[in-house]
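Right, one structure below, let's go through it.
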Amino acid sequence: MLPHEMSRLETYALDLLRTRRKHWSLPQPFYTEEAFFEIDMKHVFGRQWIFVALSCEVPNPGDWITVEVGRDSIIILRDNDRQIRAFHNSCRHRGSRICLEHQGKAKRLVCPYHQWTYDLTGELIRTRYMEGDFDRSEFGLKPVHCENLSGYIFLCLADEAPAFDKFRADLEPFIKRQDIENAKVAYTQVLHEKANWKLVMENNRECYHCASNHPELLRTLAEFDDPTDPRVDPKYVDLMRRKNEEWDAQGVPHGPTDPNIRYRAVRLPFIDGHQSMTLDGTLACRKLMADFTDYDLGSVRMLSLPNNWNHLLSDHMMAFRVMPISAQETIVTTKWLVHKDAVEGVDYDVEKLTAVWKATNDQDKELAEWNQLGINNSRYEPGPYSAVIEMGVRDLIQWYTDELEVSLCDTLGLPPPAVSTAPTERAVYTPPPGRAPAAAPAAPAE
Ligand code: FES
Ligand SMILES: [Fe+2]
């Protein structure tokens, strides 16, 4: 899109944001239009820290992978000092893509076109036939801001990245404990969903839909993640208290993290004495992750907007990555990790490991796609998010609209708007007179 067209679109998007109803779903173009996909890629995925990969995907120096973020292909590699780095996958000669596959191993990166050669720090080290005054030091690969949060790799494509320190400090205790450097990816699932990325995330941020759609998930997962919810079964409150004491004694973090609307982590026990997110609730992997000796660690539910949620257990973990590829298409990648020394067929069985979330992902894909189809209808209009059960969606969309407004104002030279930081307060559900309280789950997110 040319700059003058983008500028008109940005003004229109800002108008729509400012006239929308707070805590209601978004106006149609945000979910349906390619022009608004461009807005999201520039102002959200182009400015924020986004989750892209796990450090154990590049375990050794020279290992590299590529990830696509909108039209950008990014190389993520481990250099000879074991540092993880990220570069634009575009040669500084005439721009060719350098790494053509999704993963590989190399001592140096060699462009396939005219063989300009870069070392693992991105420096240009070899060229042929360039005249005498050509200065290689001016033609290193363009770096991308890259943070390794105890094995979670986050990138920021902006010139200047937002602060990372508080995010790191809050989430590091949970992630560090999982020892991702000594883990391996046991299975990867890539789902191509015909739905806008915000619908995929909205669906994840509530469990309003769980009871009628996720029988496998609800065999082990408690349907809420707020221990203060008045409707939580007193037996479960008791279990949480007991488990928190045990986890404190073992130095296993349980949170929750300080309230904010961009990220959170909380460790919660499974229901009915289950140990893992499997169909029968028994362990999926006999060899536990990290140096865990206690298999009964529940799961850490961890969220980082705009594009990642996770479950971290004693025996395995799952990291989910959401990448928009067009206004109505999103790639959802799920990675299941186990200890690097766990042996397939001996310690774990991939079918058992992946059964619950494969089923859940398929169900969620269908729900998001139905949501998209309905929103494409000419009579779609925004509807309200419940303050009893969809607080996570309220927070997601609040964060999205706030950040988008900040970025649009910045680009258009307007004063910055105020933004929200506190999560939505749960409303208490009062049934209409004469009707018994609903047995509905008090479930903000899965
Ligand atoms: S474009 Fe890479 S060497 Fe020419
Ligand atoms: Fe779901």
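Chain labels run A, B, ... following the order of the structure tokens; each chain numbers its residues from 1, and ligands are numbered from 1 in the order shown.
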
Would you mind listing the residues within 12 Å of ligand 1, counting only C-alpha atoms and all ligand atoms, as a PDB file with N, CA and C atoms, in the first residue's frame?
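Output below, filename part22.pdb:
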ATOM      1  N   ASN A  89      15.744 -11.728   6.549  1.00  0.00           N
ATOM      2  CA  ASN A  89      16.212 -12.729   5.582  1.00  0.00           C
ATOM      3  C   ASN A  89      16.246 -12.105   4.189  1.00  0.00           C
ATOM      4  N   SER A  90      17.106 -11.109   4.041  1.00  0.00           N
ATOM      5  CA  SER A  90      17.164 -10.358   2.789  1.00  0.00           C
ATOM      6  C   SER A  90      18.610  -9.892   2.595  1.00  0.00           C
ATOM      7  N   CYS A  91      19.194 -10.309   1.483  1.00  0.00           N
ATOM      8  CA  CYS A  91      20.616 -10.048   1.251  1.00  0.00           C
ATOM      9  C   CYS A  91      20.866  -8.556   1.030  1.00  0.00           C
ATOM     10  N   ARG A  92      21.994  -8.069   1.530  1.00  0.00           N
ATOM     11  CA  ARG A  92      22.315  -6.649   1.406  1.00  0.00           C
ATOM     12  C   ARG A  92      22.894  -6.307   0.028  1.00  0.00           C
ATOM     13  N   HIS A  93      23.052  -7.293  -0.854  1.00  0.00           N
ATOM     14  CA  HIS A  93      23.481  -6.992  -2.213  1.00  0.00           C
ATOM     15  C   HIS A  93      22.267  -6.494  -3.008  1.00  0.00           C
ATOM     16  N   ARG A  94      21.443  -7.408  -3.472  1.00  0.00           N
ATOM     17  CA  ARG A  94      20.269  -6.973  -4.230  1.00  0.00           C
ATOM     18  C   ARG A  94      18.988  -7.533  -3.650  1.00  0.00           C
ATOM     19  N   GLY A  95      19.093  -7.978  -2.392  1.00  0.00           N
ATOM     20  CA  GLY A  95      17.862  -8.263  -1.660  1.00  0.00           C
ATOM     21  C   GLY A  95      17.354  -9.681  -1.693  1.00  0.00           C
ATOM     22  N   SER A  96      18.069 -10.593  -2.307  1.00  0.00           N
ATOM     23  CA  SER A  96      17.539 -11.967  -2.385  1.00  0.00           C
ATOM     24  C   SER A  96      17.277 -12.538  -0.997  1.00  0.00           C
ATOM     25  N   ARG A  97      16.312 -13.433  -0.911  1.00  0.00           N
ATOM     26  CA  ARG A  97      16.159 -14.236   0.297  1.00  0.00           C
ATOM     27  C   ARG A  97      17.421 -15.096   0.430  1.00  0.00           C
ATOM     28  N   ILE A  98      17.889 -15.266   1.649  1.00  0.00           N
ATOM     29  CA  ILE A  98      19.137 -16.008   1.854  1.00  0.00           C
ATOM     30  C   ILE A  98      18.839 -17.444   2.278  1.00  0.00           C
ATOM     31  N   CYS A  99      18.118 -17.593   3.394  1.00  0.00           N
ATOM     32  CA  CYS A  99      17.754 -18.938   3.852  1.00  0.00           C
ATOM     33  C   CYS A  99      16.417 -19.291   3.211  1.00  0.00           C
ATOM     34  N   LEU A 109      26.230 -17.892   6.508  1.00  0.00           N
ATOM     35  CA  LEU A 109      25.032 -17.794   5.672  1.00  0.00           C
ATOM     36  C   LEU A 109      25.455 -17.290   4.287  1.00  0.00           C
ATOM     37  N   VAL A 110      25.181 -18.078   3.280  1.00  0.00           N
ATOM     38  CA  VAL A 110      25.630 -17.733   1.928  1.00  0.00           C
ATOM     39  C   VAL A 110      24.402 -17.447   1.067  1.00  0.00           C
ATOM     40  N   CYS A 111      24.372 -16.260   0.493  1.00  0.00           N
ATOM     41  CA  CYS A 111      23.232 -15.917  -0.365  1.00  0.00           C
ATOM     42  C   CYS A 111      23.282 -16.784  -1.626  1.00  0.00           C
ATOM     43  N   PRO A 112      22.163 -17.397  -2.000  1.00  0.00           N
ATOM     44  CA  PRO A 112      22.175 -18.312  -3.155  1.00  0.00           C
ATOM     45  C   PRO A 112      22.352 -17.592  -4.498  1.00  0.00           C
ATOM     46  N   TYR A 113      22.198 -16.254  -4.503  1.00  0.00           N
ATOM     47  CA  TYR A 113      22.197 -15.544  -5.796  1.00  0.00           C
ATOM     48  C   TYR A 113      23.632 -15.295  -6.290  1.00  0.00           C
ATOM     49  N   HIS A 114      24.418 -14.496  -5.534  1.00  0.00           N
ATOM     50  CA  HIS A 114      25.799 -14.211  -5.966  1.00  0.00           C
ATOM     51  C   HIS A 114      26.807 -14.540  -4.871  1.00  0.00           C
ATOM     52  N   GLN A 115      26.324 -15.303  -3.885  1.00  0.00           N
ATOM     53  CA  GLN A 115      27.184 -15.869  -2.836  1.00  0.00           C
ATOM     54  C   GLN A 115      27.822 -14.849  -1.899  1.00  0.00           C
ATOM     55  N   TRP A 116      27.218 -13.708  -1.699  1.00  0.00           N
ATOM     56  CA  TRP A 116      27.685 -12.876  -0.590  1.00  0.00           C
ATOM     57  C   TRP A 116      27.518 -13.715   0.679  1.00  0.00           C
ATOM     58  N   THR A 117      28.508 -13.609   1.560  1.00  0.00           N
ATOM     59  CA  THR A 117      28.563 -14.540   2.692  1.00  0.00           C
ATOM     60  C   THR A 117      28.626 -13.781   4.009  1.00  0.00           C
ATOM     61  N   TYR A 118      27.798 -14.188   4.945  1.00  0.00           N
ATOM     62  CA  TYR A 118      27.683 -13.508   6.246  1.00  0.00           C
ATOM     63  C   TYR A 118      28.077 -14.474   7.360  1.00  0.00           C
ATOM     64  N   LEU A 124      28.968  -9.104   7.008  1.00  0.00           N
ATOM     65  CA  LEU A 124      29.328  -9.548   5.658  1.00  0.00           C
ATOM     66  C   LEU A 124      30.814  -9.852   5.658  1.00  0.00           C
ATOM     67  N   ILE A 125      31.185 -11.087   5.313  1.00  0.00           N
ATOM     68  CA  ILE A 125      32.606 -11.452   5.405  1.00  0.00           C
ATOM     69  C   ILE A 125      33.219 -11.823   4.053  1.00  0.00           C
ATOM     70  N   ARG A 126      32.403 -12.080   3.037  1.00  0.00           N
ATOM     71  CA  ARG A 126      33.000 -12.454   1.762  1.00  0.00           C
ATOM     72  C   ARG A 126      32.111 -11.990   0.608  1.00  0.00           C
ATOM     73  N   THR A 127      32.786 -11.394  -0.378  1.00  0.00           N
ATOM     74  CA  THR A 127      32.082 -11.023  -1.618  1.00  0.00           C
ATOM     75  C   THR A 127      33.056 -11.262  -2.754  1.00  0.00           C
ATOM     76  N   ARG A 128      32.560 -11.421  -3.951  1.00  0.00           N
ATOM     77  CA  ARG A 128      33.458 -11.526  -5.101  1.00  0.00           C
ATOM     78  C   ARG A 128      33.219 -10.321  -6.006  1.00  0.00           C
ATOM     79  N   TYR A 129      34.273  -9.878  -6.653  1.00  0.00           N
ATOM     80  CA  TYR A 129      34.176  -8.865  -7.705  1.00  0.00           C
ATOM     81  C   TYR A 129      33.570  -7.536  -7.269  1.00  0.00           C
ATOM     82  N   MET A 130      33.771  -7.154  -6.019  1.00  0.00           N
ATOM     83  CA  MET A 130      33.317  -5.821  -5.624  1.00  0.00           C
ATOM     84  C   MET A 130      34.543  -4.903  -5.641  1.00  0.00           C
ATOM     85  N   PHE A 139      27.528  -3.422   5.140  1.00  0.00           N
ATOM     86  CA  PHE A 139      26.507  -4.270   4.505  1.00  0.00           C
ATOM     87  C   PHE A 139      26.203  -5.540   5.303  1.00  0.00           C
ATOM     88  N   GLY A 140      26.194  -5.373   6.627  1.00  0.00           N
ATOM     89  CA  GLY A 140      25.791  -6.515   7.459  1.00  0.00           C
ATOM     90  C   GLY A 140      24.302  -6.775   7.321  1.00  0.00           C
ATOM     91  N   LEU A 141      23.873  -7.963   7.706  1.00  0.00           N
ATOM     92  CA  LEU A 141      22.432  -8.265   7.692  1.00  0.00           C
ATOM     93  C   LEU A 141      21.717  -7.343   8.656  1.00  0.00           C
TER      94      LEU A 141
END

**OP:** Taking the DSSP assignment computed from this structure's backbone, write out as number ranges by chain all residues of segment 241-331 of chain A that belong to strand (DSSP E or B).
**Re:** A: 263-268, 285, 299-304, 308-312, 317-326, 329-331

**OP:** Give me, please, the distance in Å between atom CA of Thr330 of chain A and atom CA of Glu147 of chain A, quoted to one decimal.
**Re:** 23.9 Å

Which residues sit within 10 Å of ligand 2, counting only C-alpha atoms and all ligand atoms, listed as a PDB file with N, CA and C atoms, in the first residue's frame?
ATOM      1  N   VAL A 200      -9.167 -15.758  16.528  1.00  0.00           N
ATOM      2  CA  VAL A 200      -8.444 -16.908  17.110  1.00  0.00           C
ATOM      3  C   VAL A 200      -8.061 -16.589  18.554  1.00  0.00           C
ATOM      4  N   MET A 201      -7.562 -15.389  18.779  1.00  0.00           N
ATOM      5  CA  MET A 201      -7.153 -15.005  20.141  1.00  0.00           C
ATOM      6  C   MET A 201      -8.368 -14.792  21.042  1.00  0.00           C
ATOM      7  N   GLU A 202      -9.408 -14.177  20.503  1.00  0.00           N
ATOM      8  CA  GLU A 202     -10.624 -13.965  21.316  1.00  0.00           C
ATOM      9  C   GLU A 202     -11.145 -15.312  21.808  1.00  0.00           C
ATOM     10  N   ASN A 203     -11.174 -16.263  20.910  1.00  0.00           N
ATOM     11  CA  ASN A 203     -11.675 -17.589  21.274  1.00  0.00           C
ATOM     12  C   ASN A 203     -10.836 -18.204  22.389  1.00  0.00           C
ATOM     13  N   ASN A 204      -9.532 -17.952  22.332  1.00  0.00           N
ATOM     14  CA  ASN A 204      -8.678 -18.518  23.387  1.00  0.00           C
ATOM     15  C   ASN A 204      -8.857 -17.824  24.723  1.00  0.00           C
ATOM     16  N   ARG A 205      -9.289 -16.586  24.700  1.00  0.00           N
ATOM     17  CA  ARG A 205      -9.330 -15.820  25.946  1.00  0.00           C
ATOM     18  C   ARG A 205     -10.604 -16.021  26.751  1.00  0.00           C
ATOM     19  N   GLU A 206     -11.427 -16.925  26.350  1.00  0.00           N
ATOM     20  CA  GLU A 206     -12.601 -17.238  27.176  1.00  0.00           C
ATOM     21  C   GLU A 206     -12.870 -18.737  27.151  1.00  0.00           C
ATOM     22  N   CYS A 207     -13.557 -19.177  28.196  1.00  0.00           N
ATOM     23  CA  CYS A 207     -13.963 -20.584  28.238  1.00  0.00           C
ATOM     24  C   CYS A 207     -15.492 -20.680  28.320  1.00  0.00           C
ATOM     25  N   TYR A 208     -16.136 -19.603  27.889  1.00  0.00           N
ATOM     26  CA  TYR A 208     -17.595 -19.550  27.768  1.00  0.00           C
ATOM     27  C   TYR A 208     -18.047 -20.713  26.871  1.00  0.00           C
ATOM     28  N   HIS A 209     -17.184 -20.990  25.871  1.00  0.00           N
ATOM     29  CA  HIS A 209     -17.544 -22.010  24.883  1.00  0.00           C
ATOM     30  C   HIS A 209     -17.096 -23.409  25.278  1.00  0.00           C
ATOM     31  N   CYS A 210     -16.349 -23.534  26.396  1.00  0.00           N
ATOM     32  CA  CYS A 210     -15.666 -24.813  26.668  1.00  0.00           C
ATOM     33  C   CYS A 210     -16.631 -25.959  26.945  1.00  0.00           C
ATOM     34  N   ALA A 211     -17.602 -25.711  27.825  1.00  0.00           N
ATOM     35  CA  ALA A 211     -18.451 -26.813  28.285  1.00  0.00           C
ATOM     36  C   ALA A 211     -19.140 -27.516  27.115  1.00  0.00           C
ATOM     37  N   SER A 212     -19.538 -26.751  26.105  1.00  0.00           N
ATOM     38  CA  SER A 212     -20.252 -27.394  25.007  1.00  0.00           C
ATOM     39  C   SER A 212     -19.343 -27.782  23.849  1.00  0.00           C
ATOM     40  N   ASN A 213     -18.045 -27.499  23.945  1.00  0.00           N
ATOM     41  CA  ASN A 213     -17.173 -27.781  22.799  1.00  0.00           C
ATOM     42  C   ASN A 213     -15.910 -28.579  23.103  1.00  0.00           C
ATOM     43  N   HIS A 214     -15.475 -28.623  24.348  1.00  0.00           N
ATOM     44  CA  HIS A 214     -14.159 -29.213  24.630  1.00  0.00           C
ATOM     45  C   HIS A 214     -14.219 -30.346  25.656  1.00  0.00           C
ATOM     46  N   LEU A 217     -10.608 -31.476  26.752  1.00  0.00           N
ATOM     47  CA  LEU A 217      -9.868 -30.500  27.561  1.00  0.00           C
ATOM     48  C   LEU A 217     -10.367 -30.496  29.003  1.00  0.00           C
ATOM     49  N   TRP A 357      -4.894 -31.618  23.070  1.00  0.00           N
ATOM     50  CA  TRP A 357      -4.851 -30.305  22.407  1.00  0.00           C
ATOM     51  C   TRP A 357      -5.030 -30.375  20.893  1.00  0.00           C
ATOM     52  N   ALA A 359      -7.322 -32.292  19.608  1.00  0.00           N
ATOM     53  CA  ALA A 359      -8.790 -32.242  19.550  1.00  0.00           C
ATOM     54  C   ALA A 359      -9.273 -30.824  19.844  1.00  0.00           C
ATOM     55  N   THR A 360      -8.684 -30.204  20.880  1.00  0.00           N
ATOM     56  CA  THR A 360      -9.120 -28.856  21.280  1.00  0.00           C
ATOM     57  C   THR A 360      -8.822 -27.843  20.173  1.00  0.00           C
ATOM     58  N   ASN A 361      -7.645 -27.946  19.578  1.00  0.00           N
ATOM     59  CA  ASN A 361      -7.298 -27.018  18.491  1.00  0.00           C
ATOM     60  C   ASN A 361      -8.256 -27.160  17.311  1.00  0.00           C
ATOM     61  N   ASP A 362      -8.602 -28.405  16.981  1.00  0.00           N
ATOM     62  CA  ASP A 362      -9.540 -28.620  15.865  1.00  0.00           C
ATOM     63  C   ASP A 362     -10.898 -27.999  16.185  1.00  0.00           C
ATOM     64  N   GLN A 363     -11.326 -28.188  17.430  1.00  0.00           N
ATOM     65  CA  GLN A 363     -12.619 -27.613  17.835  1.00  0.00           C
ATOM     66  C   GLN A 363     -12.553 -26.083  17.789  1.00  0.00           C
ATOM     67  N   ASP A 364     -11.453 -25.520  18.289  1.00  0.00           N
ATOM     68  CA  ASP A 364     -11.319 -24.057  18.298  1.00  0.00           C
ATOM     69  C   ASP A 364     -11.218 -23.487  16.882  1.00  0.00           C
ATOM     70  N   LYS A 365     -10.555 -24.222  16.004  1.00  0.00           N
ATOM     71  CA  LYS A 365     -10.442 -23.791  14.600  1.00  0.00           C
ATOM     72  C   LYS A 365     -11.846 -23.642  13.997  1.00  0.00           C
ATOM     73  N   GLU A 366     -12.658 -24.650  14.234  1.00  0.00           N
ATOM     74  CA  GLU A 366     -14.015 -24.633  13.699  1.00  0.00           C
ATOM     75  C   GLU A 366     -14.805 -23.432  14.268  1.00  0.00           C
ATOM     76  N   LEU A 367     -14.674 -23.216  15.573  1.00  0.00           N
ATOM     77  CA  LEU A 367     -15.405 -22.116  16.211  1.00  0.00           C
ATOM     78  C   LEU A 367     -14.973 -20.767  15.640  1.00  0.00           C
ATOM     79  N   ALA A 368     -13.663 -20.586  15.480  1.00  0.00           N
ATOM     80  CA  ALA A 368     -13.158 -19.309  14.953  1.00  0.00           C
ATOM     81  C   ALA A 368     -13.634 -19.112  13.510  1.00  0.00           C
ATOM     82  N   ALA A 445     -10.683 -18.001  30.608  1.00  0.00           N
ATOM     83  CA  ALA A 445      -9.787 -18.352  29.516  1.00  0.00           C
ATOM     84  C   ALA A 445      -9.397 -19.804  29.621  1.00  0.00           C
ATOM     85  N   GLU A 446      -8.977 -20.367  28.465  1.00  0.00           N
ATOM     86  CA  GLU A 446      -8.525 -21.745  28.525  1.00  0.00           C
ATOM     87  C   GLU A 446      -7.023 -21.749  28.494  1.00  0.00           C
TER      88      GLU A 446
END

Subject >> Residue contacts of Asp294 of chain A (12 Å, only C-alpha atoms) excluding same-chain residues fewer than 4 positions away, as a count of residues only >> reply: 18

Subject >> Shell of 12 Å around Lys166 of chain A, only C-alpha atoms, local chain residues under 2 positions omitted, as an MDAnalysis selection string >> reply: chainID A and resid 149 162:164 168:172 257:258 260 262:264

Can I get the selection written as a tab-separated table (two decimals), in the first residue's frame, with N, CA and C atoms?
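After the write, part.tsv holds the following:
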chain	number	residue	atom	x	y	z
A	149	LEU	N	13.85	-15.14	26.44
A	149	LEU	CA	13.32	-15.16	27.80
A	149	LEU	C	13.32	-16.60	28.29
A	162	PRO	N	9.55	-1.70	22.41
A	162	PRO	CA	9.04	-1.35	23.74
A	162	PRO	C	9.88	-2.03	24.83
A	163	ALA	N	9.76	-1.54	26.07
A	163	ALA	CA	10.52	-2.11	27.18
A	163	ALA	C	10.19	-3.60	27.34
A	164	PHE	N	11.19	-4.36	27.74
A	164	PHE	CA	11.01	-5.80	27.89
A	164	PHE	C	11.23	-6.23	29.35
A	168	ARG	N	9.94	-9.55	31.30
A	168	ARG	CA	10.92	-10.59	31.60
A	168	ARG	C	10.89	-10.94	33.09
A	169	ALA	N	10.94	-9.92	33.92
A	169	ALA	CA	11.03	-10.16	35.37
A	169	ALA	C	9.80	-10.93	35.86
A	170	ASP	N	8.63	-10.61	35.33
A	170	ASP	CA	7.41	-11.26	35.81
A	170	ASP	C	7.28	-12.71	35.34
A	171	LEU	N	7.69	-12.96	34.08
A	171	LEU	CA	7.45	-14.30	33.54
A	171	LEU	C	8.65	-15.24	33.71
A	172	GLU	N	9.83	-14.67	33.89
A	172	GLU	CA	11.03	-15.51	33.95
A	172	GLU	C	10.97	-16.63	35.00
A	257	THR	N	0.85	-13.60	38.27
A	257	THR	CA	1.67	-12.42	38.05
A	257	THR	C	0.86	-11.16	38.37
A	258	ASP	N	1.56	-10.04	38.53
A	258	ASP	CA	0.88	-8.76	38.79
A	258	ASP	C	-0.20	-8.51	37.73
A	260	ASN	N	-2.19	-7.17	34.87
A	260	ASN	CA	-2.06	-6.25	33.73
A	260	ASN	C	-2.76	-6.92	32.57
A	262	ARG	N	-1.70	-7.32	29.29
A	262	ARG	CA	-0.94	-7.90	28.17
A	262	ARG	C	-0.46	-9.32	28.43
A	263	TYR	N	-0.15	-9.65	29.66
A	263	TYR	CA	0.39	-10.98	29.91
A	263	TYR	C	0.02	-11.42	31.32
A	264	ARG	N	0.05	-12.71	31.53
A	264	ARG	CA	-0.16	-13.24	32.87
A	264	ARG	C	0.32	-14.68	32.91

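Interatomic distance, atom CA of Lys340 of chain A to atom CA of Ala284 of chain A: 14.5 Å.
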
Original post:
Could you pull the residues within 12 Å of Met318 of chain A, counting only C-alpha atoms, minus those fewer than 3 positions along the same chain, as a ChimeraX atom specification?
Top reply: /A:53-54,152,175,178,180,183-189,276-277,299-303,308-315,321,333-338,353-354,356-358

What does the file look like for those residues with C-alpha atoms, as a PDB file, in the first residue's frame?
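What follows is the written file part-v4.pdb:
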ATOM      1  CA  ALA A  53      10.104 -19.714  18.606  1.00  0.00           C
ATOM      2  CA  LEU A  54      11.793 -21.669  21.382  1.00  0.00           C
ATOM      3  CA  TYR A 152      11.052 -18.203  24.688  1.00  0.00           C
ATOM      4  CA  ILE A 175       9.766 -20.187  32.290  1.00  0.00           C
ATOM      5  CA  GLN A 178      10.932 -25.357  32.857  1.00  0.00           C
ATOM      6  CA  ILE A 180      13.723 -25.103  27.841  1.00  0.00           C
ATOM      7  CA  ALA A 183      13.975 -29.621  26.154  1.00  0.00           C
ATOM      8  CA  LYS A 184      13.128 -30.701  22.621  1.00  0.00           C
ATOM      9  CA  VAL A 185      10.148 -30.306  20.352  1.00  0.00           C
ATOM     10  CA  ALA A 186       8.385 -33.674  20.293  1.00  0.00           C
ATOM     11  CA  TYR A 187       5.651 -32.643  17.883  1.00  0.00           C
ATOM     12  CA  THR A 188       4.561 -29.594  15.868  1.00  0.00           C
ATOM     13  CA  GLN A 189       1.071 -28.997  14.561  1.00  0.00           C
ATOM     14  CA  SER A 276      -1.266 -34.199  33.004  1.00  0.00           C
ATOM     15  CA  MET A 277      -3.357 -32.929  30.093  1.00  0.00           C
ATOM     16  CA  SER A 299      -0.061 -26.453  34.745  1.00  0.00           C
ATOM     17  CA  VAL A 300       1.152 -22.913  34.307  1.00  0.00           C
ATOM     18  CA  ARG A 301      -1.248 -21.075  32.052  1.00  0.00           C
ATOM     19  CA  MET A 302       0.756 -18.322  30.484  1.00  0.00           C
ATOM     20  CA  LEU A 303      -0.437 -15.642  28.085  1.00  0.00           C
ATOM     21  CA  ASN A 308       0.916 -16.571  22.344  1.00  0.00           C
ATOM     22  CA  TRP A 309      -0.520 -18.803  25.038  1.00  0.00           C
ATOM     23  CA  ASN A 310       1.033 -21.770  26.803  1.00  0.00           C
ATOM     24  CA  HIS A 311       0.594 -24.645  29.196  1.00  0.00           C
ATOM     25  CA  LEU A 312       3.666 -25.664  31.208  1.00  0.00           C
ATOM     26  CA  LEU A 313       3.406 -28.992  33.066  1.00  0.00           C
ATOM     27  CA  SER A 314       5.794 -31.257  34.951  1.00  0.00           C
ATOM     28  CA  ASP A 315       6.133 -33.769  32.100  1.00  0.00           C
ATOM     29  CA  ARG A 321       1.854 -19.218  18.242  1.00  0.00           C
ATOM     30  CA  THR A 333       1.354 -23.429  15.376  1.00  0.00           C
ATOM     31  CA  THR A 334       1.408 -25.650  18.443  1.00  0.00           C
ATOM     32  CA  LYS A 335       4.640 -27.149  19.750  1.00  0.00           C
ATOM     33  CA  TRP A 336       4.727 -29.939  22.312  1.00  0.00           C
ATOM     34  CA  LEU A 337       8.000 -30.071  24.265  1.00  0.00           C
ATOM     35  CA  VAL A 338       9.464 -32.786  26.472  1.00  0.00           C
ATOM     36  CA  LEU A 353       0.997 -36.520  24.305  1.00  0.00           C
ATOM     37  CA  THR A 354      -0.942 -34.572  21.696  1.00  0.00           C
ATOM     38  CA  VAL A 356      -6.125 -33.420  24.094  1.00  0.00           C
ATOM     39  CA  TRP A 357      -4.851 -30.305  22.407  1.00  0.00           C
ATOM     40  CA  LYS A 358      -5.099 -31.674  18.885  1.00  0.00           C
TER      41      LYS A 358
END

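Nearest residue to Leu155 of chain A, choosing from A:Thr121, A:Asn307, A:Thr282, A:Ser137 and counting only C-alpha atoms: A:Asn307.
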